[in-house]
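Step one of this worksheet: look at the structure below.
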Amino acid sequence: MAEILEGIKYRIAESLTTYTRTLLNCHYADIRIEINDTRWASAEDGKPKSAGKDEGGSFGIRVIAGITKKAPGYYGRIFGLKDIDKIEELIKEGLNHAHARALANSKNKERLSSALEGFGKTLWDTQLASVEIHRDTVPAIYKIAPGTIAPQEILRLSEEASKRIKGLSGIQFNDITVYTQSIGELFVSTEGALIDQYFAYTQGNVYVVASGKEGQQELYEYVGDQRGWEAVSEGINVQGMNLLDFSMRVAKDALALADAKPFRSAEKEAVVVTDPYFNTLLSHEVIGHPTEADRILKYETAYAGRSWLFRNFNENFIGKQVASPLITTYSDPALPGYGHYKYDHEGTKGKRVMHIDKGILKDFMNSRQTAALLGTEPNGSYKATDASLVPLIRMSTTVFAQGNTDPRKIIGDVSDGYYLWGMHTPSISESRENFTISAIKTYRIHRGELKELYRGGGVSADSMSFFMSVDAVGNDFKIYPIANCGKGQPMQTKRLGNGGPTLRGRARVVGTG
Amino acid sequence: MISLDVLKKIDSDGLDFIKTQKDISDAEIFISSLSHLLSRVNYTSSIPCNGVEEPKSTLSYGVGVQAVFKEGNKKRIGFGSQIGDISIDGIKSAVEKAKLSAVEDPDFYGLPVPSGAPILETGYYDQRLMDISDDKLVEFGWKALEGALKTFKEHNMMESIIVGGDVSIVQERMAIASTTGIAAWDEAANASASMTAMIESDNAKGSGWDIGMRLSDFAPENAGKSAAMSAIHSRQGRRVPSGKYRLILGPQAVADLLCHVVLPSLTLSVVDASSSTFLKKYGERVADKRLTIFDHGAMPDFPMSRRYTCEGLATGRTDLIKEGVLTGFLSNDYYRNKVLKDPSSKDKIGAEPAAIEPAFTPRNGFRPGESMIRNFMARPSIAPTNVIVEGSEITPLDDLVKMIGEGIYIGRIWYTYPINGLIAGDFTCTVIGDSYIIEGGRMAAPLKPNSVRIADNIHNLLNQVIGMTGDRKPTLLWGASEVIYSPEIAVRDISLHSIG
């Protein structure tokens, strides 16, 4: 993989620079190329279902062109490795399309600026905030390279995990899917950037349906890391478990929940203690998403929503208190896990972005274009799931910062309340101003001890009220992988990291009924 | 896009090559060429913006081979694909991958065999949609935006305006051939516009859609106009307290609930996994007797209609719920065969599978991937096509509103999740726009967006129907491949939680 990108990167850079000079009123262009190698297998109820290996590539092009009102145009393509020999030809074809779209876009922008009086004033001359230009190579992190693992070896592990689960009494169905993947990315721009980065990802998915005293319970969880095969074979991941142990843990939890009574919604607020795994989804939905600058600037109004933190340049919470002084949150691509990278997909070096500092709202994840609009510095948060797709502003690893209280004390100090463990499903308002997030397991806390286990419980609260109510933050910081965050049109499903420590606050605990 | 003649020729040549391979007992070759063009709109009247933010496209083509390898008495099934190479070399490469990864799946009983002639005639789509220029793609996006902005201007609304959404053109060609007699090809294209408009200072949000099977009929500006008009009508929304309500669910709300809660449970693979909320319910009443839901992949001039599935089988109508009774499941060939042979299936379905085989005729074996359903890199799974909801008794909307008396019209929801898993049927979602409070038998005021969350059970909802309108409207949901046509459906005693 590295050999392929190494073999073409200088040619691509040269070709981009030379060819774009021939394109009329072209002000900027960049190309992202990705090569990947994926191996996978699946087993169901102890039986082999599939195995495979695939490799391929994709590229995406952005051109900014025009005369008085510059505008962007894009082009994306998926290609086979055989196409590498003619990649420059394919890229020229793509540049022509992206350029034609940018010019047409610019002309329409100019036309509408004058045709629809009043509305035209905000149609701007597209700008990208300036960044330091990098030329760099960033290796992948792994102990056992994904490319050395045969599909049949993955199948053996999947089958073994599935057979073990099937052996448990009360299990009605199970499905295990495992993959290991290598990715190489190349970024070149007309500004001179030339960056190739390499990544390894490995993940195991566990789906179980169990039957018990209280009916049936399905549970889906995954374990993985931005690592090689060791992530599932040796348990080098946040769960600290290999796939066999992890899948058994999920199956046993499903059985315990099938015996547990469903949680009935409480009418009043209660003390809630949420564990790092639950707070992974909380930090994702209620901290990460509303601090993405494309939502701030309304790009996502039709899809993923806006942000309650920013109505407009005059009405927003920047510099204001939005959470308890115990709460600090940030995104940082330097952290390990699914959200780790050095440069984003427009060549900007990733930086830690402080969202909430001791309760005060500070900053948002951005791209070069949104940074120019917001008058701030780019922080390297512009990422695409695949090179053929246009990047979006994405979380790297967005977390609640570590506190200093032992989580046992956080629970121990609660007279009556609830402990919610593990992330399950979210239901979020459009601008993320309130949320309901359900847990895998809900326990009642009585006199500082965990008591009955319930299934189906969740926290429902106004975002700001809940964050203001937090009175304890644990010293048990963890980062979990999020495997499937959907955003964009067409929908891009992305891997990233979230997490934090144990938190204690006040909220309504909801369940069925 | 690769021409259909080239795809068919390669498929035929590939099959000749497969037949020379002594270790392969059966195989199918699926070749597709796909293009998705999209013009994404983002306009804000108070923040600098591009108007049309992303005029873009994604192009791909390649081959996927599913092959059965003989090894003594054993049979192993494998799948391999090759991107960007539809020559014989590409097919050879895919076969090698299939061989390397083949597994002995005891639930695999053979590749599909021909199922009969397709319902749709060739040429059922507009050829002009297959040839959209860069200028035209960009123009579509601006038209959708202009439709919204002109509407706002006509109503003297120039401040705090947001317009977003996209115009999308899907182009696809495929050919499939197998040693079991499948020889099918298909090509299709359609255009759609999905727009959202807001008057942010009034917290008013509206949606609009337009779907075009013919280029001449496609008017993305209509989606923009509808979105803007709906936003204008939604200004200064009011809140409602938590409680049980009579609701009229608009087409988008019905579609969202179907997409995330109902249709997965009507999919044969989900039933087979014991995780459907309709387990053991075949032949039973699962919904109000006036309610019928079916999938139809061969209706002329419907956007998800195709001649063949990605297994090379004819598409057609599958009744899922007929007059309230569970009558069928979305299926592909693999799951049809598995369910027929698996002794535990009777318990999962609630009927002897062999006795109800037409209930899971494999008309939905597609290969979904990033808004397209003909992904050569995937084996066939199960995907809905055009899903139609209809009622046996039709009530005009005005009369339905009068029947409701006091309640809420729910026009747009999101984040719909089966919160305790599909089996339980419990779901939550948040109401984010296009909704109104009904008082005294009329739409009295807009409902404030993001102020209520629905939390109930799908079985309650399906069985507490008050009435339905007759006008089926299409909804394209974000991230979904199917298009759902639904009327408004009124239901009683549904739990709403006040939020925010």
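Labels for the structure tokens follow display order: chains A, B, ..., residues from 1 in each chain, ligands from 1.
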Can you pull out the residues contacting range 292-309 of chain B? Cut-off 8 Å, using only C-alpha atoms, and skip same-chain residues under 2 positions away; I want them as a PDB file with N, CA and C atoms, in the first residue's frame.
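Printed below is selection_3.pdb as written:
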ATOM      1  N   PRO B 118     -40.034 -10.335 -16.170  1.00  0.00           N
ATOM      2  CA  PRO B 118     -40.268  -9.132 -15.366  1.00  0.00           C
ATOM      3  C   PRO B 118     -41.581  -8.455 -15.752  1.00  0.00           C
ATOM      4  N   ILE B 119     -42.106  -7.697 -14.819  1.00  0.00           N
ATOM      5  CA  ILE B 119     -43.370  -6.997 -15.058  1.00  0.00           C
ATOM      6  C   ILE B 119     -43.144  -5.757 -15.924  1.00  0.00           C
ATOM      7  N   LEU B 120     -42.090  -5.015 -15.596  1.00  0.00           N
ATOM      8  CA  LEU B 120     -41.835  -3.770 -16.326  1.00  0.00           C
ATOM      9  C   LEU B 120     -41.242  -4.049 -17.702  1.00  0.00           C
ATOM     10  N   GLU B 121     -41.648  -3.246 -18.667  1.00  0.00           N
ATOM     11  CA  GLU B 121     -41.047  -3.310 -19.996  1.00  0.00           C
ATOM     12  C   GLU B 121     -39.704  -2.592 -19.961  1.00  0.00           C
ATOM     13  N   THR B 122     -38.857  -2.880 -20.920  1.00  0.00           N
ATOM     14  CA  THR B 122     -37.605  -2.118 -21.017  1.00  0.00           C
ATOM     15  C   THR B 122     -37.932  -0.661 -21.357  1.00  0.00           C
ATOM     16  N   TYR B 124     -38.318   1.764 -19.233  1.00  0.00           N
ATOM     17  CA  TYR B 124     -39.311   2.303 -18.289  1.00  0.00           C
ATOM     18  C   TYR B 124     -38.839   3.584 -17.610  1.00  0.00           C
ATOM     19  N   TYR B 125     -37.607   3.949 -17.855  1.00  0.00           N
ATOM     20  CA  TYR B 125     -37.098   5.190 -17.256  1.00  0.00           C
ATOM     21  C   TYR B 125     -36.777   6.171 -18.381  1.00  0.00           C
ATOM     22  N   ALA B 184     -30.049 -11.638 -16.851  1.00  0.00           N
ATOM     23  CA  ALA B 184     -30.906 -10.459 -16.709  1.00  0.00           C
ATOM     24  C   ALA B 184     -30.062  -9.210 -16.780  1.00  0.00           C
ATOM     25  N   TRP B 185     -30.674  -8.140 -17.208  1.00  0.00           N
ATOM     26  CA  TRP B 185     -30.003  -6.849 -17.224  1.00  0.00           C
ATOM     27  C   TRP B 185     -31.042  -5.768 -16.962  1.00  0.00           C
ATOM     28  N   ASP B 186     -30.575  -4.634 -16.563  1.00  0.00           N
ATOM     29  CA  ASP B 186     -31.501  -3.582 -16.196  1.00  0.00           C
ATOM     30  C   ASP B 186     -30.768  -2.246 -16.220  1.00  0.00           C
ATOM     31  N   GLU B 187     -31.483  -1.194 -16.445  1.00  0.00           N
ATOM     32  CA  GLU B 187     -30.911   0.148 -16.303  1.00  0.00           C
ATOM     33  C   GLU B 187     -32.013   1.082 -15.823  1.00  0.00           C
ATOM     34  N   ALA B 188     -31.629   2.025 -14.991  1.00  0.00           N
ATOM     35  CA  ALA B 188     -32.636   2.921 -14.408  1.00  0.00           C
ATOM     36  C   ALA B 188     -31.983   4.244 -14.032  1.00  0.00           C
ATOM     37  N   ASN B 190     -33.284   8.054 -11.898  1.00  0.00           N
ATOM     38  CA  ASN B 190     -34.344   8.920 -11.376  1.00  0.00           C
ATOM     39  C   ASN B 190     -33.736  10.156 -10.741  1.00  0.00           C
ATOM     40  N   ILE B 211     -40.020  14.280  -6.837  1.00  0.00           N
ATOM     41  CA  ILE B 211     -39.386  13.101  -7.422  1.00  0.00           C
ATOM     42  C   ILE B 211     -39.699  13.097  -8.907  1.00  0.00           C
ATOM     43  N   GLY B 212     -38.676  12.888  -9.724  1.00  0.00           N
ATOM     44  CA  GLY B 212     -38.892  12.920 -11.164  1.00  0.00           C
ATOM     45  C   GLY B 212     -38.472  11.638 -11.837  1.00  0.00           C
ATOM     46  N   MET B 213     -39.429  10.986 -12.479  1.00  0.00           N
ATOM     47  CA  MET B 213     -39.083   9.822 -13.292  1.00  0.00           C
ATOM     48  C   MET B 213     -38.809  10.249 -14.730  1.00  0.00           C
ATOM     49  N   LYS B 289     -57.627  -3.078  10.876  1.00  0.00           N
ATOM     50  CA  LYS B 289     -58.054  -3.820   9.675  1.00  0.00           C
ATOM     51  C   LYS B 289     -58.173  -2.934   8.432  1.00  0.00           C
ATOM     52  N   ARG B 290     -58.151  -1.628   8.624  1.00  0.00           N
ATOM     53  CA  ARG B 290     -58.222  -0.740   7.451  1.00  0.00           C
ATOM     54  C   ARG B 290     -56.847  -0.481   6.832  1.00  0.00           C
ATOM     55  N   GLU B 311     -30.427 -10.279  -7.764  1.00  0.00           N
ATOM     56  CA  GLU B 311     -30.254 -11.729  -7.904  1.00  0.00           C
ATOM     57  C   GLU B 311     -30.718 -12.177  -9.279  1.00  0.00           C
ATOM     58  N   GLY B 312     -31.188 -11.213 -10.101  1.00  0.00           N
ATOM     59  CA  GLY B 312     -31.669 -11.531 -11.448  1.00  0.00           C
ATOM     60  C   GLY B 312     -33.091 -12.067 -11.450  1.00  0.00           C
ATOM     61  N   LEU B 313     -33.820 -11.850 -10.359  1.00  0.00           N
ATOM     62  CA  LEU B 313     -35.200 -12.317 -10.256  1.00  0.00           C
ATOM     63  C   LEU B 313     -36.159 -11.151 -10.516  1.00  0.00           C
ATOM     64  N   ALA B 314     -37.341 -11.495 -10.988  1.00  0.00           N
ATOM     65  CA  ALA B 314     -38.307 -10.435 -11.314  1.00  0.00           C
ATOM     66  C   ALA B 314     -38.773  -9.729 -10.044  1.00  0.00           C
ATOM     67  N   THR B 315     -38.896  -8.420 -10.140  1.00  0.00           N
ATOM     68  CA  THR B 315     -39.452  -7.649  -9.018  1.00  0.00           C
ATOM     69  C   THR B 315     -40.978  -7.748  -9.063  1.00  0.00           C
ATOM     70  N   GLY B 316     -41.622  -7.262  -8.033  1.00  0.00           N
ATOM     71  CA  GLY B 316     -43.084  -7.298  -8.021  1.00  0.00           C
ATOM     72  C   GLY B 316     -43.646  -6.877  -6.686  1.00  0.00           C
ATOM     73  N   ARG B 317     -44.892  -7.200  -6.482  1.00  0.00           N
ATOM     74  CA  ARG B 317     -45.590  -6.755  -5.265  1.00  0.00           C
ATOM     75  C   ARG B 317     -45.533  -7.833  -4.177  1.00  0.00           C
ATOM     76  N   THR B 318     -45.181  -7.411  -2.981  1.00  0.00           N
ATOM     77  CA  THR B 318     -45.237  -8.291  -1.811  1.00  0.00           C
ATOM     78  C   THR B 318     -46.141  -7.625  -0.783  1.00  0.00           C
ATOM     79  N   ASP B 319     -47.256  -8.280  -0.508  1.00  0.00           N
ATOM     80  CA  ASP B 319     -48.143  -7.767   0.541  1.00  0.00           C
ATOM     81  C   ASP B 319     -47.530  -8.091   1.890  1.00  0.00           C
ATOM     82  N   LEU B 320     -47.316  -7.059   2.694  1.00  0.00           N
ATOM     83  CA  LEU B 320     -46.695  -7.249   4.009  1.00  0.00           C
ATOM     84  C   LEU B 320     -47.770  -7.311   5.099  1.00  0.00           C
ATOM     85  N   ILE B 321     -48.589  -6.286   5.125  1.00  0.00           N
ATOM     86  CA  ILE B 321     -49.736  -6.276   6.033  1.00  0.00           C
ATOM     87  C   ILE B 321     -50.957  -5.949   5.169  1.00  0.00           C
ATOM     88  N   LYS B 322     -51.902  -6.890   5.134  1.00  0.00           N
ATOM     89  CA  LYS B 322     -53.075  -6.679   4.279  1.00  0.00           C
ATOM     90  C   LYS B 322     -54.313  -6.614   5.163  1.00  0.00           C
ATOM     91  N   GLU B 323     -54.975  -5.469   5.113  1.00  0.00           N
ATOM     92  CA  GLU B 323     -56.158  -5.234   5.948  1.00  0.00           C
ATOM     93  C   GLU B 323     -55.886  -5.643   7.391  1.00  0.00           C
ATOM     94  N   GLY B 324     -54.718  -5.243   7.856  1.00  0.00           N
ATOM     95  CA  GLY B 324     -54.348  -5.448   9.258  1.00  0.00           C
ATOM     96  C   GLY B 324     -53.703  -6.780   9.566  1.00  0.00           C
ATOM     97  N   LEU B 330     -40.358  -9.221   3.343  1.00  0.00           N
ATOM     98  CA  LEU B 330     -39.359  -8.878   2.331  1.00  0.00           C
ATOM     99  C   LEU B 330     -38.293  -9.966   2.349  1.00  0.00           C
ATOM    100  N   ARG B 363     -38.355 -11.066  -3.874  1.00  0.00           N
ATOM    101  CA  ARG B 363     -38.450  -9.919  -4.794  1.00  0.00           C
ATOM    102  C   ARG B 363     -37.611  -8.738  -4.322  1.00  0.00           C
ATOM    103  N   ASN B 364     -36.854  -8.912  -3.249  1.00  0.00           N
ATOM    104  CA  ASN B 364     -36.135  -7.773  -2.666  1.00  0.00           C
ATOM    105  C   ASN B 364     -34.646  -8.054  -2.434  1.00  0.00           C
ATOM    106  N   GLY B 365     -34.072  -8.901  -3.249  1.00  0.00           N
ATOM    107  CA  GLY B 365     -32.639  -9.200  -3.122  1.00  0.00           C
ATOM    108  C   GLY B 365     -31.806  -8.144  -3.835  1.00  0.00           C
ATOM    109  N   PHE B 366     -31.506  -7.080  -3.133  1.00  0.00           N
ATOM    110  CA  PHE B 366     -30.701  -5.991  -3.710  1.00  0.00           C
ATOM    111  C   PHE B 366     -29.366  -5.893  -2.980  1.00  0.00           C
ATOM    112  N   PRO B 384     -36.101  -2.861   0.897  1.00  0.00           N
ATOM    113  CA  PRO B 384     -37.406  -2.466   0.352  1.00  0.00           C
ATOM    114  C   PRO B 384     -37.218  -1.627  -0.911  1.00  0.00           C
ATOM    115  N   THR B 385     -38.295  -1.468  -1.673  1.00  0.00           N
ATOM    116  CA  THR B 385     -38.216  -0.666  -2.906  1.00  0.00           C
ATOM    117  C   THR B 385     -39.182   0.526  -2.782  1.00  0.00           C
ATOM    118  N   ASN B 386     -40.341   0.421  -3.455  1.00  0.00           N
ATOM    119  CA  ASN B 386     -41.415   1.403  -3.240  1.00  0.00           C
ATOM    120  C   ASN B 386     -42.352   0.783  -2.215  1.00  0.00           C
ATOM    121  N   VAL B 387     -42.479   1.414  -1.076  1.00  0.00           N
ATOM    122  CA  VAL B 387     -43.358   0.875  -0.030  1.00  0.00           C
ATOM    123  C   VAL B 387     -44.629   1.720  -0.008  1.00  0.00           C
ATOM    124  N   ILE B 388     -45.759   1.043  -0.142  1.00  0.00           N
ATOM    125  CA  ILE B 388     -47.037   1.753  -0.269  1.00  0.00           C
ATOM    126  C   ILE B 388     -47.896   1.470   0.962  1.00  0.00           C
ATOM    127  N   VAL B 389     -48.408   2.543   1.547  1.00  0.00           N
ATOM    128  CA  VAL B 389     -49.343   2.419   2.669  1.00  0.00           C
ATOM    129  C   VAL B 389     -50.688   2.917   2.174  1.00  0.00           C
ATOM    130  N   GLU B 390     -51.735   2.127   2.393  1.00  0.00           N
ATOM    131  CA  GLU B 390     -53.051   2.603   1.969  1.00  0.00           C
ATOM    132  C   GLU B 390     -54.130   2.117   2.923  1.00  0.00           C
ATOM    133  N   GLY B 391     -55.234   2.827   2.919  1.00  0.00           N
ATOM    134  CA  GLY B 391     -56.342   2.489   3.794  1.00  0.00           C
ATOM    135  C   GLY B 391     -57.551   2.050   3.000  1.00  0.00           C
ATOM    136  N   SER B 392     -58.376   1.199   3.603  1.00  0.00           N
ATOM    137  CA  SER B 392     -59.576   0.731   2.908  1.00  0.00           C
ATOM    138  C   SER B 392     -60.721   1.729   3.045  1.00  0.00           C
ATOM    139  N   GLU B 482     -35.161   3.142   0.090  1.00  0.00           N
ATOM    140  CA  GLU B 482     -36.549   2.990  -0.345  1.00  0.00           C
ATOM    141  C   GLU B 482     -37.288   4.332  -0.375  1.00  0.00           C
ATOM    142  N   VAL B 483     -38.373   4.354  -1.157  1.00  0.00           N
ATOM    143  CA  VAL B 483     -39.270   5.508  -1.136  1.00  0.00           C
ATOM    144  C   VAL B 483     -40.609   5.020  -0.586  1.00  0.00           C
TER     145      VAL B 483
END
- Query: Which polymer residues have any atom within 12 Å of an atom of Ser269 in chain B, counting only C-alpha atoms, with same-chain residues fewer than 4 positions away left out, as a ChimeraX atom specification?
  - Reply: /A:44,173,175 /B:263-265,273-276,279,329-339,345,348-349,360,362,364-365,380-383
With C-alpha atoms retained, export the selected residues as a PDB file, in the first residue's frame.
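And here's part_33.pdb as it stands now:
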ATOM      1  CA  GLU A  44     -23.960 -17.047  12.857  1.00  0.00           C
ATOM      2  CA  PHE A 173     -29.421 -16.245  18.011  1.00  0.00           C
ATOM      3  CA  ASP A 175     -24.057 -13.174  14.805  1.00  0.00           C
TER       4      ASP A 175
ATOM      5  CA  LEU B 263     -39.979  -2.615   7.772  1.00  0.00           C
ATOM      6  CA  PRO B 264     -36.912  -4.122   9.524  1.00  0.00           C
ATOM      7  CA  SER B 265     -39.292  -6.395  11.426  1.00  0.00           C
ATOM      8  CA  ALA B 273     -32.654 -13.935  13.681  1.00  0.00           C
ATOM      9  CA  SER B 274     -35.578 -14.017  16.154  1.00  0.00           C
ATOM     10  CA  SER B 275     -35.391 -10.253  16.503  1.00  0.00           C
ATOM     11  CA  SER B 276     -38.572  -9.121  14.713  1.00  0.00           C
ATOM     12  CA  LEU B 279     -42.296 -13.025  15.604  1.00  0.00           C
ATOM     13  CA  PHE B 329     -42.045 -10.615   4.365  1.00  0.00           C
ATOM     14  CA  LEU B 330     -39.359  -8.878   2.331  1.00  0.00           C
ATOM     15  CA  SER B 331     -37.007 -11.598   1.179  1.00  0.00           C
ATOM     16  CA  ASN B 332     -34.131 -12.656  -1.009  1.00  0.00           C
ATOM     17  CA  ASP B 333     -33.372 -16.085  -2.398  1.00  0.00           C
ATOM     18  CA  TYR B 334     -30.914 -17.082   0.345  1.00  0.00           C
ATOM     19  CA  TYR B 335     -33.327 -16.443   3.212  1.00  0.00           C
ATOM     20  CA  ARG B 336     -36.282 -17.930   1.368  1.00  0.00           C
ATOM     21  CA  ASN B 337     -34.352 -21.214   1.023  1.00  0.00           C
ATOM     22  CA  LYS B 338     -33.013 -21.086   4.564  1.00  0.00           C
ATOM     23  CA  VAL B 339     -36.438 -20.542   6.092  1.00  0.00           C
ATOM     24  CA  SER B 345     -38.633 -21.320  11.128  1.00  0.00           C
ATOM     25  CA  LYS B 348     -40.361 -17.867  14.308  1.00  0.00           C
ATOM     26  CA  ILE B 349     -42.878 -17.126  11.568  1.00  0.00           C
ATOM     27  CA  PHE B 360     -41.677 -14.604   1.075  1.00  0.00           C
ATOM     28  CA  PRO B 362     -37.632 -13.246  -3.180  1.00  0.00           C
ATOM     29  CA  ASN B 364     -36.135  -7.773  -2.666  1.00  0.00           C
ATOM     30  CA  GLY B 365     -32.639  -9.200  -3.122  1.00  0.00           C
ATOM     31  CA  PRO B 380     -27.420  -9.588  -2.162  1.00  0.00           C
ATOM     32  CA  SER B 381     -29.139  -8.657   1.072  1.00  0.00           C
ATOM     33  CA  ILE B 382     -32.757  -7.562   1.499  1.00  0.00           C
ATOM     34  CA  ALA B 383     -33.944  -4.019   0.789  1.00  0.00           C
TER      35      ALA B 383
END
- Message: Residues of range 218-326 of chain A classed as alpha helix (DSSP H) by DSSP on the backbone are to be reported as a ChimeraX atom specification.
- Response: /A:230-233,243-258,276-282,293-296
Requested write-out: N, CA and C atoms of the selected residues, as a short mmCIF file (atom, residue, chain, number, x, y, z; two decimals), in the first residue's frame:
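What landed in out_35.cif:
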data_model
loop_
_atom_site.label_atom_id
_atom_site.label_comp_id
_atom_site.auth_asym_id
_atom_site.auth_seq_id
_atom_site.Cartn_x
_atom_site.Cartn_y
_atom_site.Cartn_z
N GLU A 230 -4.17 -7.44 16.54
CA GLU A 230 -4.07 -7.59 17.99
C GLU A 230 -5.25 -6.99 18.74
N ALA A 231 -5.98 -6.09 18.09
CA ALA A 231 -7.12 -5.44 18.76
C ALA A 231 -8.17 -6.47 19.16
N VAL A 232 -8.37 -7.49 18.32
CA VAL A 232 -9.37 -8.51 18.69
C VAL A 232 -8.74 -9.82 19.15
N SER A 233 -7.52 -10.11 18.68
CA SER A 233 -6.91 -11.40 19.06
C SER A 233 -6.25 -11.32 20.43
N LEU A 243 -11.74 -10.84 21.42
CA LEU A 243 -13.10 -11.01 20.91
C LEU A 243 -13.86 -12.13 21.61
N LEU A 244 -13.14 -13.21 21.94
CA LEU A 244 -13.82 -14.34 22.58
C LEU A 244 -14.39 -13.93 23.93
N ASP A 245 -13.58 -13.25 24.73
CA ASP A 245 -14.06 -12.81 26.06
C ASP A 245 -15.13 -11.73 25.93
N PHE A 246 -14.92 -10.82 25.00
CA PHE A 246 -15.88 -9.73 24.82
C PHE A 246 -17.24 -10.27 24.39
N SER A 247 -17.25 -11.19 23.45
CA SER A 247 -18.53 -11.70 22.96
C SER A 247 -19.26 -12.48 24.05
N MET A 248 -18.51 -13.17 24.90
CA MET A 248 -19.15 -13.87 26.02
C MET A 248 -19.73 -12.86 27.01
N ARG A 249 -19.02 -11.77 27.24
CA ARG A 249 -19.53 -10.74 28.15
C ARG A 249 -20.85 -10.17 27.62
N VAL A 250 -20.89 -9.89 26.30
CA VAL A 250 -22.12 -9.36 25.71
C VAL A 250 -23.25 -10.37 25.84
N ALA A 251 -22.96 -11.63 25.56
CA ALA A 251 -24.00 -12.67 25.64
C ALA A 251 -24.53 -12.80 27.06
N LYS A 252 -23.63 -12.79 28.04
CA LYS A 252 -24.07 -12.93 29.44
C LYS A 252 -24.88 -11.71 29.89
N ASP A 253 -24.49 -10.54 29.41
CA ASP A 253 -25.28 -9.34 29.71
C ASP A 253 -26.68 -9.46 29.11
N ALA A 254 -26.75 -9.95 27.88
CA ALA A 254 -28.07 -10.11 27.23
C ALA A 254 -28.94 -11.08 28.04
N LEU A 255 -28.34 -12.15 28.53
CA LEU A 255 -29.10 -13.11 29.34
C LEU A 255 -29.57 -12.48 30.65
N ALA A 256 -28.68 -11.72 31.29
CA ALA A 256 -29.06 -11.06 32.55
C ALA A 256 -30.19 -10.07 32.31
N LEU A 257 -30.12 -9.34 31.20
CA LEU A 257 -31.16 -8.36 30.90
C LEU A 257 -32.48 -9.03 30.54
N ALA A 258 -32.41 -10.20 29.93
CA ALA A 258 -33.64 -10.93 29.59
C ALA A 258 -34.37 -11.37 30.85
N PRO A 276 -18.40 5.71 32.05
CA PRO A 276 -17.70 6.20 30.85
C PRO A 276 -18.25 5.66 29.53
N TYR A 277 -18.75 4.44 29.54
CA TYR A 277 -19.28 3.83 28.31
C TYR A 277 -20.58 4.52 27.91
N PHE A 278 -21.44 4.82 28.87
CA PHE A 278 -22.65 5.60 28.59
C PHE A 278 -22.26 7.01 28.14
N ASN A 279 -21.29 7.60 28.81
CA ASN A 279 -20.89 8.98 28.49
C ASN A 279 -20.22 9.09 27.12
N THR A 280 -19.85 7.96 26.56
CA THR A 280 -19.33 7.93 25.19
C THR A 280 -20.41 8.43 24.23
N LEU A 281 -21.63 7.91 24.38
CA LEU A 281 -22.72 8.36 23.51
C LEU A 281 -23.18 9.77 23.88
N LEU A 282 -23.13 10.08 25.17
CA LEU A 282 -23.51 11.43 25.62
C LEU A 282 -22.54 12.47 25.03
N ALA A 293 -18.59 22.99 13.29
CA ALA A 293 -18.86 24.33 12.72
C ALA A 293 -19.84 24.30 11.56
N ASP A 294 -19.97 23.16 10.86
CA ASP A 294 -20.96 23.15 9.77
C ASP A 294 -22.38 23.20 10.33
N ARG A 295 -22.60 22.61 11.50
CA ARG A 295 -23.91 22.77 12.14
C ARG A 295 -24.08 24.19 12.67
N ILE A 296 -22.99 24.73 13.20
CA ILE A 296 -23.03 26.11 13.71
C ILE A 296 -23.47 27.05 12.58
#
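Note that CA of Lys143 in chain B and CA of Val163 in chain B are 12.1 Å apart.
Distances to Ser230 in chain B were evaluated for B:Ser168, B:Thr475, B:Asn457, B:Ser435 using only C-alpha atoms, and the minimum falls at B:Ser435.
With only C-alpha atoms taken into account, the protein and nucleic acid residues at most 9 Å from Ile132 in chain B (excluding it and anything under 4 positions from it in its own chain) are B:Leu37, B:Arg128, B:Lys136, B:Leu137, B:Ile169.
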- Item | A:Arg156, A:Lys163, A:Arg111, A:Arg227 ranked by distance to Thr180 in chain A, top pick (using only C-alpha atoms) | A:Arg227
- Message: Show me, as a ChimeraX atom specification, the residues that have an atom within 10 Å of range 1-12 of chain B when counting only C-alpha atoms, minus same-chain residues fewer than 2 positions from it.
- Response: /B:14-18,28-35,59-63,86-88,90-91,130-131,171-178,183-187
- Expected answer as a PyMOL selection string: strand (DSSP E) residues in range 18-150 of chain B: chain B and resi 24-44+51-71+74-83
Give me the residues within 9 Å of Gln236 in chain B as a compact mmCIF listing (two decimals) with C-alpha atoms, in the first residue's frame, counting only C-alpha atoms and dropping any in the same chain fewer than 3 places off.
# COMPACT_ATOMS: atom_id res chain seq x y z
CA SER B 201 -36.11 33.62 14.31
CA ASP B 202 -39.63 32.16 14.36
CA ASN B 203 -38.37 28.62 14.94
CA ALA B 204 -40.35 27.63 11.86
CA ALA B 445 -51.50 26.69 15.59
CA PRO B 446 -48.07 25.37 14.64
CA LEU B 447 -46.36 23.07 17.13
CA LYS B 448 -42.99 24.40 18.27
